Amino acid sequence: MPELIAPTAGLHSSWLAARAEWGDDAHMDGAGLGSDDDVETPEGFAAWVERLRGYADRTLPIEQGRVHATYWWIVEGDTYLGAIDLRHYLNAFLLDAGGHIGYSVRPSARGRGVAGRALTAVLHEARVLGMDRVLLTCDPDNTASIRTIERAGGVLEDVRDTLIGPKRRYWIDL
């Protein structure tokens, strides 16, 4: 049964295998991976994992353009299935295009309800943080994500053109 865990350097090879399924240049929503992050070497991967874990600490300063966020990895045993993050607040970009929660599931693990279970767990964490509603976005043609968000209670606000292309924007009341 899939579960959410804090990112860990111990899953380096499984994470690399998952990224290979997406392709090296694919964007993995909710993963927190930047274009200059070194995830190939064990040392670089460990440093990235520690940075992800640090983003949840609201007492620490955050890099320009980022917001404090908690990252989880979706795993089954020692197999990395995907990632989900909860952004603690929104900046202008996230309000327009990114939302509070981002997630992605590796292609070989799709169609099993992995994203829906992860989203349900993270909605609980949003309540714990004191949030009363969250914004989620997805591409207009991503029918799996549309279903996942709507099953979780997402109410479509609009579909709009953003800096990263057209997005469906959903709010979920907590």
# chains A, B, ... in the order shown; residues from 1 in each chain; ligands from 1
>>> select_by_dssp(residues="segment 30-96 of chain A", states="strand (DSSP E or B)", output="list in words")
Ala69, Thr70, Tyr71, Trp72, Trp73, Ile74, Val75, Glu76, Thr79, Tyr80, Leu81, Gly82, Ala83, Ile84, Asp85, Leu86 and Arg87 of chain A
>>> residues_around(residues="Val155 of chain A", least_positions_apart="2", cutoff="9 Å", atoms="only C-alpha atoms", output="list of chain:residue names")
A:Ile149, A:Glu150, A:Gly153, A:Glu157, A:Arg169, A:Tyr170, A:Trp171, A:Ile172, A:Asp173
>>> write_last_selection(atoms="all heavy atoms", output="tab-separated table (two decimals), in the first residue's frame")
chain	number	residue	atom	x	y	z
A	149	ILE	N	-8.80	15.66	-8.70
A	149	ILE	CA	-9.13	16.89	-7.99
A	149	ILE	C	-10.64	16.97	-7.71
A	149	ILE	O	-11.06	17.31	-6.60
A	149	ILE	CB	-8.64	18.12	-8.78
A	149	ILE	CG1	-7.10	18.12	-8.85
A	149	ILE	CG2	-9.16	19.41	-8.16
A	149	ILE	CD1	-6.52	19.11	-9.86
A	150	GLU	N	-11.45	16.64	-8.69
A	150	GLU	CA	-12.90	16.72	-8.50
A	150	GLU	C	-13.39	15.69	-7.48
A	150	GLU	O	-14.27	15.98	-6.67
A	150	GLU	CB	-13.62	16.58	-9.84
A	150	GLU	CG	-13.41	17.81	-10.71
A	150	GLU	CD	-14.07	17.74	-12.08
A	150	GLU	OE1	-14.58	16.65	-12.46
A	150	GLU	OE2	-14.06	18.77	-12.78
A	153	GLY	N	-13.16	16.91	-4.01
A	153	GLY	CA	-14.01	18.04	-3.66
A	153	GLY	C	-13.67	19.32	-4.38
A	153	GLY	O	-14.22	20.38	-4.05
A	157	GLU	N	-12.99	26.95	-10.55
A	157	GLU	CA	-13.20	28.40	-10.55
A	157	GLU	C	-13.14	28.93	-11.97
A	157	GLU	O	-14.02	29.69	-12.38
A	157	GLU	CB	-12.14	29.10	-9.70
A	157	GLU	CG	-12.31	30.62	-9.70
A	157	GLU	CD	-11.27	31.32	-8.87
A	157	GLU	OE1	-10.06	31.18	-9.17
A	157	GLU	OE2	-11.67	32.00	-7.92
A	169	ARG	N	-8.34	25.80	-12.74
A	169	ARG	CA	-8.08	26.19	-11.34
A	169	ARG	C	-9.24	25.74	-10.47
A	169	ARG	O	-10.39	26.11	-10.72
A	169	ARG	CB	-7.87	27.70	-11.25
A	169	ARG	CG	-6.65	28.16	-12.04
A	169	ARG	CD	-6.50	29.67	-12.07
A	169	ARG	NE	-6.17	30.20	-10.77
A	169	ARG	CZ	-7.03	30.85	-9.97
A	169	ARG	NH1	-8.29	31.06	-10.36
A	169	ARG	NH2	-6.66	31.29	-8.81
A	170	TYR	N	-8.93	24.94	-9.48
A	170	TYR	CA	-9.94	24.37	-8.57
A	170	TYR	C	-9.65	24.79	-7.13
A	170	TYR	O	-8.49	24.81	-6.69
A	170	TYR	CB	-9.86	22.84	-8.58
A	170	TYR	CG	-10.34	22.19	-9.83
A	170	TYR	CD1	-9.47	21.93	-10.88
A	170	TYR	CD2	-11.66	21.77	-9.95
A	170	TYR	CE1	-9.90	21.29	-12.02
A	170	TYR	CE2	-12.10	21.13	-11.10
A	170	TYR	CZ	-11.22	20.88	-12.13
A	170	TYR	OH	-11.65	20.25	-13.25
A	171	TRP	N	-10.72	25.06	-6.39
A	171	TRP	CA	-10.61	25.31	-4.95
A	171	TRP	C	-11.25	24.14	-4.21
A	171	TRP	O	-12.30	23.65	-4.63
A	171	TRP	CB	-11.30	26.61	-4.57
A	171	TRP	CG	-10.55	27.82	-5.04
A	171	TRP	CD1	-10.76	28.52	-6.18
A	171	TRP	CD2	-9.46	28.45	-4.37
A	171	TRP	NE1	-9.85	29.55	-6.28
A	171	TRP	CE2	-9.05	29.54	-5.17
A	171	TRP	CE3	-8.77	28.21	-3.18
A	171	TRP	CZ2	-8.00	30.38	-4.82
A	171	TRP	CZ3	-7.72	29.05	-2.83
A	171	TRP	CH2	-7.35	30.12	-3.64
A	172	ILE	N	-10.61	23.74	-3.14
A	172	ILE	CA	-11.19	22.72	-2.24
A	172	ILE	C	-11.33	23.35	-0.87
A	172	ILE	O	-10.35	23.81	-0.27
A	172	ILE	CB	-10.29	21.47	-2.16
A	172	ILE	CG1	-10.17	20.80	-3.53
A	172	ILE	CG2	-10.85	20.49	-1.11
A	172	ILE	CD1	-9.25	19.59	-3.54
A	173	ASP	N	-12.57	23.41	-0.38
A	173	ASP	CA	-12.82	23.91	0.98
A	173	ASP	C	-12.46	22.81	1.96
A	173	ASP	O	-12.80	21.64	1.77
A	173	ASP	CB	-14.28	24.30	1.16
A	173	ASP	CG	-14.64	25.58	0.41
A	173	ASP	OD1	-13.76	26.46	0.28
A	173	ASP	OD2	-15.78	25.68	-0.06
>>> select_by_dssp(residues="segment 35-87 of chain A", states="helix (DSSP H, G or I)", output="PyMOL selection string")
chain A and resi 42-54
>>> residues_around(residues="Thr70 of chain A", least_positions_apart="2", cutoff="8 Å", atoms="only C-alpha atoms", output="PyMOL selection string")
chain A and resi 52-53+55-56+68+72+85-88
>>> residues_around(residues="Met28 of chain A", least_positions_apart="3", cutoff="12 Å", atoms="only C-alpha atoms", output="MDAnalysis selection string")
chainID A and resid 15 18:25 31:35 73 81:85 102:107
>>> write_last_selection(atoms="N, CA and C atoms", output="compact mmCIF listing (two decimals), in the first residue's frame")
# COMPACT_ATOMS: atom_id res chain seq x y z
N TRP A 15 14.39 6.81 -7.29
CA TRP A 15 13.99 8.12 -7.80
C TRP A 15 14.52 8.31 -9.23
N ALA A 18 12.45 6.35 -11.65
CA ALA A 18 11.17 7.02 -11.90
C ALA A 18 11.36 8.19 -12.87
N ARG A 19 12.39 8.98 -12.64
CA ARG A 19 12.64 10.12 -13.53
C ARG A 19 12.90 9.63 -14.96
N ALA A 20 13.55 8.51 -15.10
CA ALA A 20 13.80 7.96 -16.44
C ALA A 20 12.49 7.61 -17.14
N GLU A 21 11.48 7.17 -16.39
CA GLU A 21 10.17 6.90 -16.99
C GLU A 21 9.55 8.17 -17.56
N TRP A 22 9.70 9.29 -16.84
CA TRP A 22 9.16 10.56 -17.32
C TRP A 22 9.99 11.11 -18.46
N GLY A 23 11.30 10.91 -18.39
CA GLY A 23 12.24 11.54 -19.30
C GLY A 23 12.98 12.63 -18.55
N ASP A 24 14.26 12.79 -18.84
CA ASP A 24 15.11 13.70 -18.07
C ASP A 24 14.62 15.15 -18.06
N ASP A 25 13.94 15.59 -19.11
CA ASP A 25 13.53 16.99 -19.20
C ASP A 25 12.09 17.24 -18.77
N ALA A 31 7.52 17.94 -7.02
CA ALA A 31 8.81 17.36 -6.66
C ALA A 31 9.80 18.39 -6.12
N GLY A 32 9.61 19.66 -6.46
CA GLY A 32 10.53 20.69 -5.98
C GLY A 32 11.88 20.69 -6.67
N LEU A 33 11.95 20.06 -7.82
CA LEU A 33 13.22 19.94 -8.53
C LEU A 33 13.47 21.18 -9.37
N GLY A 34 14.61 21.81 -9.14
CA GLY A 34 15.01 22.97 -9.92
C GLY A 34 15.94 22.56 -11.05
N SER A 35 16.04 23.41 -12.05
CA SER A 35 16.84 23.08 -13.23
C SER A 35 18.33 22.96 -12.89
N TRP A 73 7.21 12.17 -0.42
CA TRP A 73 7.35 11.23 -1.51
C TRP A 73 6.33 10.14 -1.32
N LEU A 81 7.18 6.22 -6.02
CA LEU A 81 6.06 6.26 -6.96
C LEU A 81 5.77 7.67 -7.46
N GLY A 82 6.13 8.68 -6.65
CA GLY A 82 5.83 10.04 -7.04
C GLY A 82 6.07 11.00 -5.90
N ALA A 83 5.57 12.22 -6.07
CA ALA A 83 5.77 13.26 -5.07
C ALA A 83 4.51 14.11 -4.97
N ILE A 84 4.36 14.74 -3.81
CA ILE A 84 3.28 15.69 -3.59
C ILE A 84 3.81 16.75 -2.63
N ASP A 85 3.43 17.98 -2.85
CA ASP A 85 3.85 19.03 -1.92
C ASP A 85 2.67 19.91 -1.56
N GLY A 102 0.84 20.43 -5.46
CA GLY A 102 1.27 19.87 -6.72
C GLY A 102 1.61 18.41 -6.51
N TYR A 103 1.37 17.59 -7.50
CA TYR A 103 1.70 16.17 -7.36
C TYR A 103 1.98 15.57 -8.72
N SER A 104 2.71 14.47 -8.69
CA SER A 104 2.96 13.71 -9.90
C SER A 104 3.21 12.26 -9.50
N VAL A 105 2.81 11.36 -10.38
CA VAL A 105 2.97 9.93 -10.16
C VAL A 105 3.72 9.36 -11.37
N ARG A 106 4.72 8.53 -11.11
CA ARG A 106 5.49 7.96 -12.21
C ARG A 106 4.58 7.16 -13.14
N PRO A 107 4.86 7.17 -14.42
CA PRO A 107 3.96 6.53 -15.38
C PRO A 107 3.59 5.08 -15.05
